[in-house]
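What follows is a single structure, written as structure tokens, with notes after it.
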Amino acid sequence: DSSTGSATSGDLTDDGDRDPTLDFGFLPIPAAEVSVGDFVWFDTDGDGVQDDGEPGIEGVTLTLTGPDGGPVTDVDGNVVGPVQTDADGLYTFDHLPVLPAGEHYTVTIDGTSPALAGYEPTTPGAGDDGAVDSSTGSATSGDLTDDGDRDPTLDFGFYQPPAEVSVGDYVW
């Protein structure tokens, strides 16, 4: 077993005596990690703001890039691949390295996701609460400088435009 801080040997009275019980065990310090993500939703009233009861859109693909615009490697050394929204329209990128102040992660939505067929992006930046407004195309995180930080404001809203119809005939 491990000793902590210091350990005392047993009696060592004869030449060549040895006490092999003075052990000290250590664990690596876990890497500090942060996360980003949130919601892709159907903006039923088209106002660009998440309202109570507006449903999420399942199966939308999102990708993450680092401050240099390139791929991100998580704290375990794995390249962070694309994710899809769940049945509630939620997504997350977890186990990301902490970044220095002023550096940010960027989430980009794949507008060609089959789940978005028939939808158009809603009004970006509507309202005065960044936690419930929409981004269009991509969204950049805030500073994530401390272990456990999370940016849950990277949301994407979509509406369904009304069908266009026309009427007419021939005047002769």
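How things are named: the first chain in the structure tokens is A, the next is B, and so on; residues count from 1 in each chain; ligands count from 1 in the order shown.
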
Task: Contact residues around region 84-101 of chain A with only C-alpha atoms at 10 Å, ignoring same-chain residues under 6 positions, as a ChimeraX atom specification - done: /A:31-42,55-64,66-67,72-78,107,109-110,113,115,142-152,154-156

TODO: Skip Gly127 (chain A) itself and residues of its chain fewer than 3 positions away, then list as a list in words all residues within 12 Å of it, counting only C-alpha atoms.
DONE: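 Counting only the stated atoms, we get Asp47, Gly48, Val49, Gln50, Asp51, Thr123, Pro124, Gly130, Ala131, Val132, Asp133 and Ser134 of chain A.
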
Now that the selection is made, can you save its residues with C-alpha atoms as a short mmCIF file (atom, residue, chain, number, x, y, z; two decimals), in the first residue's frame?
```
data_model
loop_
_atom_site.label_atom_id
_atom_site.label_comp_id
_atom_site.auth_asym_id
_atom_site.auth_seq_id
_atom_site.Cartn_x
_atom_site.Cartn_y
_atom_site.Cartn_z
CA ASP A 47 -38.90 35.06 -34.26
CA GLY A 48 -35.31 33.81 -33.82
CA VAL A 49 -35.78 33.14 -30.08
CA GLN A 50 -36.26 29.79 -28.33
CA ASP A 51 -39.72 29.85 -26.82
CA THR A 123 -33.26 35.23 -37.65
CA PRO A 124 -29.83 35.21 -35.96
CA GLY A 130 -27.59 35.03 -26.18
CA ALA A 131 -28.61 31.85 -24.37
CA VAL A 132 -31.89 31.60 -26.33
CA ASP A 133 -31.17 33.27 -29.66
CA SER A 134 -29.99 31.65 -32.86
#
```

- [ ] Determine which residues of region 36-133 of chain A receive a DSSP assignment of strand (DSSP E), computed from the backbone, and state them as a PyMOL selection string.
- [x] chain A and resi 36-42+61-65+83-84+90-97+106-109+120-121

TODO: Work out how far apart CA of Glu164 (chain A) and CA of Glu54 (chain A) are and give it in Å to one decimal.
DONE: 23.9 Å

Open item on the list: What does the structure give for the distance between CA of Phe26 (chain A) and CA of Ser2 (chain A), in Å to one decimal?
Closed with: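 That distance, rounded to one decimal, is 8.6 Å.
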
Open item on the list: Please list as a ChimeraX atom specification every residue within 7 Å of Thr140 (chain A), counting only C-alpha atoms and excluding residues in the same chain fewer than 6 positions away.
Closed with: /A:104-107
